[in-house]
$ cat my_file.cif   # mmCIF, C-alpha atoms and all ligand atoms
data_protein
loop_
_atom_site.label_atom_id
_atom_site.label_comp_id
_atom_site.auth_asym_id
_atom_site.auth_seq_id
_atom_site.Cartn_x
_atom_site.Cartn_y
_atom_site.Cartn_z
CA MET A 1 0.00 0.00 0.00
CA PRO A 2 1.47 3.44 -0.85
CA SER A 3 1.93 5.70 2.14
CA LEU A 4 -0.33 8.64 2.79
CA VAL A 5 1.99 11.67 2.80
CA PHE A 6 1.32 15.06 4.41
CA ARG A 7 3.63 17.70 2.98
CA LYS A 8 1.81 20.91 3.82
CA GLY A 9 0.88 20.49 7.44
CA LEU A 10 -2.26 18.97 8.88
CA ASP A 11 -4.57 22.00 9.11
CA LEU A 12 -3.95 22.38 12.85
CA LYS A 13 -1.57 25.34 12.87
CA HIS A 14 -3.84 27.38 15.11
CA ALA A 15 -4.48 24.48 17.46
CA VAL A 16 -0.78 24.10 18.29
CA ALA A 17 0.32 27.76 18.12
CA GLY A 18 -0.23 28.31 21.86
CA MET A 19 1.70 25.20 22.78
CA LEU A 20 4.64 26.18 20.55
CA ALA A 21 4.70 29.65 22.06
CA ASP A 22 4.62 28.22 25.60
CA ASN A 23 7.49 25.86 24.82
CA TYR A 24 9.81 28.01 22.75
CA HIS A 25 8.93 31.69 23.04
CA SER A 26 10.90 34.22 25.10
CA ALA A 27 9.55 37.59 26.23
CA ILE A 28 13.03 38.92 26.99
CA VAL A 29 14.21 38.10 23.47
CA ASP A 30 11.22 39.92 21.99
CA ARG A 31 12.02 42.93 24.13
CA ILE A 32 15.68 42.97 23.09
CA LYS A 33 14.71 42.76 19.42
CA ALA A 34 12.42 45.75 19.91
CA GLU A 35 15.24 47.65 21.60
CA ASP A 36 17.68 47.54 18.70
CA PHE A 37 18.98 44.08 19.61
CA THR A 38 20.81 45.48 22.64
CA TYR A 39 20.31 44.68 26.32
CA ARG A 40 21.88 46.36 29.33
CA SER A 41 21.87 45.13 32.89
CA GLY A 42 24.39 45.96 35.62
CA ARG A 43 27.85 45.88 34.04
CA LEU A 44 26.59 43.82 31.09
CA THR A 45 25.96 45.14 27.60
CA LEU A 46 24.69 42.41 25.34
CA HIS A 47 24.41 42.63 21.57
CA LEU A 48 22.21 40.12 19.84
CA ALA A 49 22.86 39.26 16.18
CA ARG A 50 20.09 40.63 13.98
CA GLU A 51 19.33 37.18 12.59
CA PHE A 52 19.55 34.18 14.88
CA GLY A 53 17.63 31.16 16.10
CA PHE A 54 14.88 29.13 14.44
CA CYS A 55 14.97 29.34 10.63
CA TYR A 56 11.88 28.96 8.46
CA GLY A 57 12.62 25.27 7.84
CA VAL A 58 12.98 24.41 11.51
CA ASP A 59 9.96 26.48 12.47
CA ARG A 60 7.88 24.55 9.99
CA ALA A 61 9.27 21.13 10.94
CA VAL A 62 8.57 21.63 14.65
CA ASP A 63 5.14 23.06 13.88
CA TYR A 64 4.27 20.00 11.73
CA ALA A 65 5.52 17.65 14.45
CA TYR A 66 3.19 19.26 16.99
CA GLN A 67 0.34 19.20 14.49
CA THR A 68 0.98 15.50 13.91
CA ARG A 69 0.74 14.70 17.62
CA GLU A 70 -2.49 16.71 17.80
CA ARG A 71 -4.01 15.09 14.74
CA PHE A 72 -3.16 11.50 15.72
CA PRO A 73 -3.47 11.36 19.53
CA ASP A 74 -4.27 7.63 19.52
CA ARG A 75 -1.73 6.46 16.96
CA ASP A 76 1.97 5.70 17.39
CA VAL A 77 3.97 8.64 16.07
CA PHE A 78 7.66 8.26 15.17
CA LEU A 79 10.53 10.40 13.99
CA THR A 80 13.20 8.79 11.79
CA GLY A 81 15.80 10.49 14.02
CA GLU A 82 16.34 13.96 15.45
CA ILE A 83 13.85 16.34 13.88
CA ILE A 84 16.43 19.13 14.14
CA HIS A 85 19.78 19.22 15.90
CA ASN A 86 18.62 20.61 19.21
CA PRO A 87 18.48 18.26 22.20
CA HIS A 88 15.76 20.26 23.99
CA VAL A 89 13.35 20.18 21.08
CA ASN A 90 13.95 16.46 20.54
CA GLU A 91 13.48 15.76 24.23
CA LYS A 92 10.26 17.75 24.28
CA LEU A 93 8.91 15.62 21.42
CA ARG A 94 9.84 12.48 23.36
CA THR A 95 7.84 13.72 26.35
CA MET A 96 4.90 14.19 23.99
CA GLY A 97 5.11 10.48 23.17
CA VAL A 98 6.93 10.76 19.84
CA ARG A 99 9.32 7.81 19.43
CA PHE A 100 12.61 7.75 17.54
CA LEU A 101 13.25 5.04 14.95
CA SER A 102 16.97 5.78 15.26
CA ASP A 103 16.85 4.25 18.78
CA ASP A 104 16.29 0.78 17.30
CA PRO A 105 17.72 -0.24 13.89
CA ASP A 106 14.94 -2.81 13.31
CA ALA A 107 12.05 -0.59 14.33
CA VAL A 108 11.24 0.42 10.75
CA ASP A 109 10.50 -3.18 9.84
CA ARG A 110 7.89 -3.41 12.56
CA LEU A 111 5.92 -0.37 11.43
CA GLY A 112 2.39 -0.87 10.19
CA GLY A 113 -0.35 0.97 8.36
CA ASN A 114 -1.61 2.61 11.53
CA ASP A 115 1.74 4.21 12.37
CA VAL A 116 2.71 7.78 11.58
CA VAL A 117 6.30 8.77 10.76
CA ILE A 118 7.62 12.34 10.68
CA LEU A 119 10.51 13.01 8.29
CA PRO A 120 12.94 15.67 9.56
CA ALA A 121 13.76 19.09 8.11
CA PHE A 122 16.97 17.80 6.53
CA GLY A 123 15.16 14.96 4.76
CA VAL A 124 15.87 11.23 4.61
CA THR A 125 17.71 9.01 2.15
CA VAL A 126 15.90 7.44 -0.78
CA ALA A 127 16.52 4.03 0.81
CA MET A 128 14.82 5.07 4.06
CA LEU A 129 11.89 6.55 2.17
CA GLU A 130 11.44 3.29 0.25
CA ARG A 131 11.57 1.28 3.48
CA LEU A 132 8.90 3.48 5.03
CA ASP A 133 6.80 3.33 1.92
CA ARG A 134 6.88 -0.47 1.98
CA ARG A 135 5.49 -0.43 5.53
CA GLY A 136 2.46 1.54 4.30
CA CYS A 137 2.57 4.01 7.20
CA THR A 138 1.40 7.60 7.12
CA LEU A 139 4.23 10.07 6.49
CA VAL A 140 4.50 13.69 7.55
CA ASP A 141 7.26 15.12 5.39
CA THR A 142 8.88 18.25 6.87
CA THR A 143 11.85 18.29 4.46
CA CYS A 144 12.80 21.94 4.07
CA GLY A 145 12.26 23.59 0.68
CA SER A 146 15.89 24.69 0.64
CA VAL A 147 17.00 21.06 0.96
CA LEU A 148 14.62 20.10 -1.84
CA ASN A 149 16.31 22.76 -3.95
CA VAL A 150 19.68 21.07 -3.43
CA TRP A 151 18.17 17.75 -4.42
CA LYS A 152 16.74 19.30 -7.57
CA ASN A 153 20.20 20.49 -8.63
CA VAL A 154 21.84 17.17 -7.78
CA ARG A 155 19.24 15.30 -9.81
CA ARG A 156 19.87 17.63 -12.73
CA TYR A 157 23.58 16.93 -12.48
CA ALA A 158 22.91 13.19 -12.44
CA GLU A 159 20.65 13.37 -15.47
CA GLY A 160 23.19 15.51 -17.32
CA GLY A 161 26.06 13.10 -16.59
CA TYR A 162 27.76 15.35 -14.01
CA THR A 163 29.18 13.95 -10.78
CA ALA A 164 27.85 15.90 -7.80
CA ILE A 165 30.66 17.16 -5.61
CA ILE A 166 28.91 18.01 -2.37
CA HIS A 167 30.57 20.37 0.10
CA GLY A 168 29.21 18.89 3.30
CA LYS A 169 29.68 16.51 6.18
CA VAL A 170 29.43 12.95 5.01
CA TRP A 171 27.96 11.84 8.35
CA HIS A 172 25.23 14.51 8.32
CA GLU A 173 21.70 13.35 7.55
CA GLU A 174 21.14 16.08 4.97
CA THR A 175 24.29 15.24 3.00
CA GLN A 176 23.48 11.52 3.09
CA ALA A 177 19.99 12.27 1.79
CA THR A 178 21.37 14.55 -0.94
CA ALA A 179 23.97 11.99 -2.00
CA SER A 180 21.27 9.33 -2.24
CA GLN A 181 19.38 11.53 -4.71
CA ALA A 182 22.39 11.50 -7.06
CA VAL A 183 22.49 7.70 -7.03
CA GLN A 184 18.72 7.40 -7.42
CA TYR A 185 18.93 9.37 -10.65
CA GLY A 186 21.79 7.31 -12.03
CA GLY A 187 24.55 9.73 -11.04
CA LYS A 188 27.71 9.76 -8.95
CA TYR A 189 28.76 11.81 -5.97
CA LEU A 190 31.80 12.72 -3.91
CA VAL A 191 31.57 14.61 -0.60
CA VAL A 192 34.32 17.05 0.37
CA PHE A 193 34.43 18.40 3.90
CA ASP A 194 36.90 21.26 3.62
CA ARG A 195 39.60 22.97 1.56
CA ALA A 196 42.22 20.35 2.44
CA GLU A 197 40.07 17.55 1.01
CA THR A 198 39.19 19.68 -2.00
CA ASP A 199 42.90 20.22 -2.63
CA LEU A 200 43.39 16.46 -2.97
CA VAL A 201 40.54 16.23 -5.46
CA CYS A 202 41.83 19.24 -7.43
CA GLU A 203 45.32 17.76 -7.53
CA TYR A 204 43.86 14.62 -9.08
CA ILE A 205 41.74 16.59 -11.55
CA ARG A 206 44.90 18.35 -12.78
CA ARG A 207 47.12 15.30 -13.17
CA GLY A 208 44.70 12.35 -13.61
CA GLY A 209 46.22 8.85 -13.64
CA ALA A 210 46.41 6.45 -10.71
CA ALA A 211 44.03 7.37 -7.92
CA GLY A 212 45.07 4.99 -5.13
CA ASP A 213 45.41 7.55 -2.34
CA LEU A 214 42.34 9.48 -3.36
CA THR A 215 40.21 6.35 -3.54
CA ALA A 216 41.34 5.34 -0.05
CA ARG A 217 40.81 8.80 1.44
CA PHE A 218 37.26 9.14 0.09
CA ALA A 219 36.24 5.49 0.48
CA ASN A 220 33.25 6.46 2.63
CA ALA A 221 32.42 9.63 0.75
CA VAL A 222 31.74 8.49 -2.81
CA SER A 223 29.00 6.66 -4.65
CA PRO A 224 29.36 2.89 -5.17
CA GLY A 225 31.84 1.99 -7.94
CA PHE A 226 33.28 5.50 -8.09
CA ASP A 227 36.10 5.76 -10.62
CA CYS A 228 38.17 8.92 -10.21
CA GLU A 229 39.38 8.97 -13.82
CA ARG A 230 35.93 8.51 -15.28
CA ASP A 231 33.82 10.30 -12.68
CA LEU A 232 35.79 13.51 -12.22
CA GLN A 233 35.62 14.61 -15.86
CA ARG A 234 32.27 16.34 -15.46
CA ILE A 235 31.45 17.92 -12.13
CA GLY A 236 28.47 19.76 -10.66
CA LEU A 237 28.95 21.49 -7.32
CA ALA A 238 26.38 21.46 -4.50
CA ASN A 239 26.53 22.30 -0.80
CA GLN A 240 24.96 21.05 2.36
CA THR A 241 22.69 24.01 3.11
CA THR A 242 24.34 24.86 6.43
CA MET A 243 28.00 25.08 5.47
CA LEU A 244 30.15 28.19 5.80
CA MET A 245 29.27 30.29 2.77
CA SER A 246 32.78 31.73 2.33
CA GLU A 247 34.30 28.25 2.41
CA SER A 248 31.76 26.86 -0.07
CA LEU A 249 32.56 29.67 -2.49
CA GLU A 250 36.27 29.02 -2.12
CA ILE A 251 35.80 25.31 -2.70
CA GLY A 252 33.78 26.03 -5.83
CA GLU A 253 36.51 28.31 -7.11
CA MET A 254 39.22 25.72 -6.37
CA ILE A 255 37.38 23.07 -8.38
CA ARG A 256 36.54 25.45 -11.22
CA THR A 257 40.20 26.51 -11.52
CA ALA A 258 41.36 22.88 -11.55
CA MET A 259 38.84 22.05 -14.28
CA VAL A 260 40.03 25.01 -16.36
CA GLU A 261 43.63 23.88 -15.97
CA ARG A 262 42.76 20.36 -17.07
CA TYR A 263 40.20 21.05 -19.82
CA GLY A 264 40.62 24.72 -20.73
CA ASP A 265 37.85 27.26 -20.42
CA ALA A 266 36.49 27.18 -23.97
CA ASP A 267 33.75 24.71 -23.12
CA LEU A 268 33.98 24.78 -19.33
CA GLY A 269 30.22 24.31 -18.99
CA GLU A 270 30.68 20.81 -20.39
CA HIS A 271 32.94 19.96 -17.47
CA TYR A 272 31.83 22.13 -14.57
CA GLN A 273 28.55 23.51 -13.24
CA ALA A 274 27.74 25.16 -9.94
CA PHE A 275 24.66 26.36 -8.13
CA ASP A 276 24.85 28.03 -4.77
CA THR A 277 22.74 25.86 -2.50
CA ILE A 278 23.55 27.42 0.88
CA CYS A 279 20.10 28.33 2.21
CA SER A 280 19.17 31.95 2.78
CA ALA A 281 18.56 31.39 6.52
CA THR A 282 22.11 30.09 6.97
CA GLN A 283 23.46 32.95 4.90
CA ASP A 284 21.47 35.55 6.88
CA ARG A 285 22.72 34.21 10.22
CA GLN A 286 26.32 34.18 9.03
CA ASP A 287 26.02 37.71 7.60
CA ALA A 288 24.44 38.96 10.83
CA VAL A 289 27.22 37.63 13.03
CA VAL A 290 29.87 39.06 10.70
CA ALA A 291 28.13 42.45 11.01
CA LEU A 292 27.92 42.17 14.80
CA LEU A 293 31.65 41.38 15.07
CA ARG A 294 32.42 44.27 12.74
CA ASP A 295 30.13 46.89 14.28
CA LYS A 296 29.99 46.13 18.01
CA PRO A 297 32.92 46.29 20.41
CA VAL A 298 32.22 42.94 22.06
CA ASP A 299 34.75 41.28 24.37
CA LEU A 300 33.55 37.74 23.78
CA MET A 301 30.94 35.78 21.84
CA ILE A 302 28.44 33.20 22.97
CA VAL A 303 26.93 30.89 20.36
CA ILE A 304 24.04 28.70 21.48
CA GLY A 305 23.07 25.49 19.71
CA GLY A 306 23.44 21.71 19.60
CA TYR A 307 27.02 20.53 19.27
CA ASN A 308 25.96 18.42 16.26
CA SER A 309 24.30 21.40 14.58
CA SER A 310 26.24 22.24 11.43
CA ASN A 311 25.04 25.82 11.09
CA THR A 312 25.72 26.57 14.77
CA THR A 313 29.25 25.17 14.48
CA ASN A 314 29.88 27.43 11.50
CA LEU A 315 28.62 30.50 13.38
CA ALA A 316 31.12 29.66 16.13
CA ARG A 317 33.90 29.31 13.53
CA ILE A 318 33.16 32.82 12.25
CA CYS A 319 33.18 34.28 15.78
CA ASP A 320 36.34 32.44 16.76
CA THR A 321 38.37 34.22 14.10
CA SER A 322 38.23 37.50 16.05
CA ARG A 323 36.88 36.97 19.60
CA PRO A 324 37.06 34.47 22.45
CA THR A 325 34.08 32.26 21.55
CA PHE A 326 32.04 29.91 23.69
CA HIS A 327 29.77 27.52 21.81
CA ILE A 328 27.35 26.26 24.45
CA ALA A 329 24.63 23.66 24.01
CA ASP A 330 22.22 25.31 26.42
CA PRO A 331 22.03 27.84 29.28
CA ASP A 332 23.06 25.24 31.86
CA CYS A 333 26.54 25.32 30.31
CA LEU A 334 26.99 28.71 31.98
CA VAL A 335 27.86 27.08 35.28
CA SER A 336 28.95 30.26 37.09
CA ALA A 337 30.63 33.59 36.47
CA ARG A 338 33.88 31.62 36.76
CA GLU A 339 33.12 28.42 34.92
CA VAL A 340 31.62 27.56 31.53
CA ARG A 341 31.14 24.26 29.72
CA HIS A 342 31.55 24.72 25.99
CA ARG A 343 32.80 23.05 22.85
CA PRO A 344 35.85 24.90 21.55
CA VAL A 345 35.92 25.47 17.79
CA GLY A 346 37.64 22.52 16.09
CA SER A 347 37.22 20.24 19.11
CA LYS A 348 34.92 17.22 19.18
CA GLU A 349 34.39 17.37 22.93
CA GLU A 350 32.82 19.65 25.45
CA LYS A 351 35.40 21.22 27.76
CA THR A 352 35.24 23.32 30.91
CA ALA A 353 36.88 26.74 30.93
CA THR A 354 37.42 28.97 33.94
CA GLY A 355 37.84 32.71 34.13
CA TRP A 356 35.78 33.16 30.97
CA LEU A 357 33.95 36.29 32.17
CA PRO A 358 35.90 39.41 33.15
CA ALA A 359 35.58 39.61 36.94
CA GLU A 360 35.27 43.40 37.11
CA GLY A 361 34.26 46.37 35.02
CA PRO A 362 31.93 46.59 32.02
CA VAL A 363 31.41 43.40 30.00
CA ARG A 364 30.31 43.49 26.38
CA ILE A 365 29.02 40.20 25.05
CA GLY A 366 27.84 39.29 21.58
CA LEU A 367 25.29 36.52 21.26
CA THR A 368 23.86 34.42 18.47
CA SER A 369 22.19 31.05 18.14
CA GLY A 370 21.89 28.38 15.49
CA ALA A 371 18.89 27.78 13.25
CA SER A 372 17.69 24.93 15.46
CA THR A 373 17.86 26.83 18.77
CA PRO A 374 14.56 28.03 20.22
CA ASP A 375 14.30 31.55 21.66
CA ASN A 376 13.53 30.32 25.17
CA LEU A 377 17.09 28.97 25.42
CA VAL A 378 18.45 32.30 24.23
CA GLY A 379 16.30 34.09 26.82
CA ALA A 380 17.46 31.81 29.64
CA THR A 381 21.09 32.36 28.61
CA ILE A 382 20.63 36.12 28.73
CA ALA A 383 19.00 35.89 32.17
CA LYS A 384 22.03 33.95 33.45
CA LEU A 385 24.47 36.46 31.98
CA ALA A 386 22.55 39.29 33.63
CA GLU A 387 22.69 37.45 36.95
CA PHE A 388 26.47 36.88 36.63
CA CYS A 389 27.04 40.56 35.77
CA SER A 390 24.70 42.10 38.35
S1 LIG B 1 18.98 25.67 7.94
FE1 LIG B 1 18.15 26.22 5.90
S2 LIG B 1 17.87 24.26 4.86
FE2 LIG B 1 18.10 23.80 7.03
S3 LIG B 1 15.99 23.75 7.78
FE3 LIG B 1 16.75 25.84 8.10
S4 LIG B 1 16.07 26.98 6.28
FE4 LIG B 1 15.94 24.80 5.80
#

$ encode --input "my_file.cif" --output "structure tokens" --more "lines below"
Ligand code: SF4
Amino acid sequence: MPSLVFRKGLDLKHAVAGMLADNYHSAIVDRIKAEDFTYRSGRLTLHLAREFGFCYGVDRAVDYAYQTRERFPDRDVFLTGEIIHNPHVNEKLRTMGVRFLSDDPDAVDRLGGNDVVILPAFGVTVAMLERLDRRGCTLVDTTCGSVLNVWKNVRRYAEGGYTAIIHGKVWHEETQATASQAVQYGGKYLVVFDRAETDLVCEYIRRGGAAGDLTARFANAVSPGFDCERDLQRIGLANQTTMLMSESLEIGEMIRTAMVERYGDADLGEHYQAFDTICSATQDRQDAVVALLRDKPVDLMIVIGGYNSSNTTNLARICDTSRPTFHIADPDCLVSAREVRHRPVGSKEEKTATGWLPAEGPVRIGLTSGASTPDNLVGATIAKLAEFCS
């Protein structure tokens, strides 16, 4: 039986609006926005980035998840995995009785026609979609339109005989889903994480020949049967939507230059295509934090968001280039005016730092949050900072 799929909500937006506001809204954040994104209390001056927090895709995904629970109170409701990369939002959904298929690898095969499965904002792989479809369950698809746009470009590459080079994190759900689209449409893909990996690919594009090292390095980041000589002759560039814009542009330019060196620029379009697929919400948040760092004399930056949130991590990378930066998962990480738990940029672990807040005198703090961080966490963070600086 084909699955019933809801893609545009479940007509219960108004029914869940109050609940969403209760769970994620923050009066203090609203007030700061109204007061030119600046907050003063005691010796603290806080500057909020002009774009931060929930993006349109996350807003919609969480809204649809609440609508799903409301619409199907007596049916088992599942998520394939985290709906967005914020532990608080995922935990809240658990308390509402939503179960996570990612908790049990065999759970999908036990689903039945009465079950409801919510697909996350970053989408799922073609293989997962087919598995769910075979179970005949009801699907609520919250895949963000900006992710669908990436898929559209990747499919076009596949149909045109271009290998999709995806600037992304090979372990990230969105990149896995995007890569699966290339294969589904008969294409190839290769995922590059950063400039260093792109350099290796560019070096191969220039010289060709034996690809032993490259094949080994990208063993887990290419489509099945990938052949460097054959599959790097025609390339289409795509990005995971939440990567660092400046880095994605640089990676595109590196690959374009290598293709010109190898094939000349007379018919470059035959060998190289690119579409910017960083989403506008990611771009806006990155631009806003760049502006804050440029325009406000802040002593340090706080970035709030899940440690596995790609866009939050990239906001922290931007901040870290010019200010002491503390990427915290939630307000509880601000242990005291002396101690903070945070994940330093480039580290895979949370660490504890001491002496992070100047002990005396005025303190100027810049603050932003990732696209999956609700305002109530931002508000609670600000309240703690005010308390520490009173
Ligand atoms: S970060 Fe961008 S692509 Fe991801 S859910 Fe938000 S708007 Fe959509």

$ residues_near_ligand --input "my_file.cif" --ligand "ligand LIG 1 (chain B)" --cutoff "12 Å" --atoms "all atoms listed in the file" --output "number ranges by chain"
A: 52-62, 83-85, 120-123, 142-151, 172-175, 178, 239-244, 277-286, 309-312, 314, 369-373

$ residues_around --input "my_file.cif" --residues "region 66-68 of chain A" --least-positions-apart "6" --cutoff "10 Å" --atoms "all atoms listed in the file" --output "PyMOL selection string"
chain A and resi 6+9-17+19-20+60+75+77-78+93+96+98+116-118+139-140

$ residues_around --input "my_file.cif" --residues "Phe37 (chain A)" --least-positions-apart "4" --cutoff "7 Å" --atoms "all atoms listed in the file" --output "list of chain:residue names"
A:Ile32, A:Lys33, A:His47, A:Leu48, A:Arg50

$ closest_residue --input "my_file.cif" --among "A:Ala127, A:Leu79, A:Ala49, A:Ile165" --to "Ala177 (chain A)" --atoms "all atoms listed in the file"
A:Ala127

$ residues_around --input "my_file.cif" --residues "Gly113 (chain A)" --least-positions-apart "5" --cutoff "8 Å" --atoms "all atoms listed in the file" --output "mmCIF file with C-alpha atoms, keeping the file's coordinate frame"
data_model
loop_
_atom_site.group_PDB
_atom_site.id
_atom_site.type_symbol
_atom_site.label_atom_id
_atom_site.label_comp_id
_atom_site.auth_asym_id
_atom_site.auth_seq_id
_atom_site.Cartn_x
_atom_site.Cartn_y
_atom_site.Cartn_z
ATOM 1 C CA ARG A 135 5.490 -0.430 5.530
ATOM 2 C CA GLY A 136 2.460 1.540 4.300
ATOM 3 C CA CYS A 137 2.570 4.010 7.200
ATOM 4 C CA THR A 138 1.400 7.600 7.120
#

$ residues_around --input "my_file.cif" --residues "Ile166 (chain A)" --least-positions-apart "2" --cutoff "6 Å" --atoms "all atoms listed in the file" --output "PyMOL selection string"
chain A and resi 164+168+191+238-239

$ atom_distance --input "my_file.cif" --atom1 "CA of Glu339 (chain A)" --atom2 "CA of Tyr24 (chain A)"
26.3 Å

$ closest_residue --input "my_file.cif" --among "A:Val201, A:Val5, A:Val289, A:Ala329" --to "Pro374 (chain A)" --atoms "only C-alpha atoms"
A:Ala329

$ atom_distance --input "my_file.cif" --atom1 "CA of Asp330 (chain A)" --atom2 "CA of Ala386 (chain A)"
15.7 Å

$ atom_distance --input "my_file.cif" --atom1 "CA of Gly366 (chain A)" --atom2 "CA of Gly306 (chain A)"
18.2 Å

$ closest_residue --input "my_file.cif" --among "A:Val154, A:Val170, A:Met128, A:Ile302" --to "Pro105 (chain A)" --atoms "all atoms listed in the file"
A:Met128

$ closest_residue --input "my_file.cif" --among "A:Arg206, A:Gly379, A:Arg71, A:Gly236" --to "Gly264 (chain A)" --atoms "all atoms listed in the file"
A:Arg206

$ residues_around --input "my_file.cif" --residues "Glu250 (chain A)" --least-positions-apart "4" --cutoff "10 Å" --atoms "all atoms listed in the file" --output "PDB file with C-alpha atoms, keeping the file's coordinate frame"
ATOM      1  CA  ASP A 194      36.900  21.260   3.620  1.00  0.00           C
ATOM      2  CA  ARG A 195      39.600  22.970   1.560  1.00  0.00           C
ATOM      3  CA  THR A 198      39.190  19.680  -2.000  1.00  0.00           C
ATOM      4  CA  MET A 245      29.270  30.290   2.770  1.00  0.00           C
ATOM      5  CA  SER A 246      32.780  31.730   2.330  1.00  0.00           C
ATOM      6  CA  MET A 254      39.220  25.720  -6.370  1.00  0.00           C
ATOM      7  CA  ILE A 255      37.380  23.070  -8.380  1.00  0.00           C
ATOM      8  CA  ARG A 256      36.540  25.450 -11.220  1.00  0.00           C
TER       9      ARG A 256
END

$ closest_residue --input "my_file.cif" --among "A:Gly208, A:Pro324, A:Pro73, A:Pro87" --to "Ala353 (chain A)" --atoms "only C-alpha atoms"
A:Pro324

$ closest_residue --input "my_file.cif" --among "A:Ala337, A:Ala219, A:Leu268, A:Leu4" --to "Ile235 (chain A)" --atoms "all atoms listed in the file"
A:Leu268
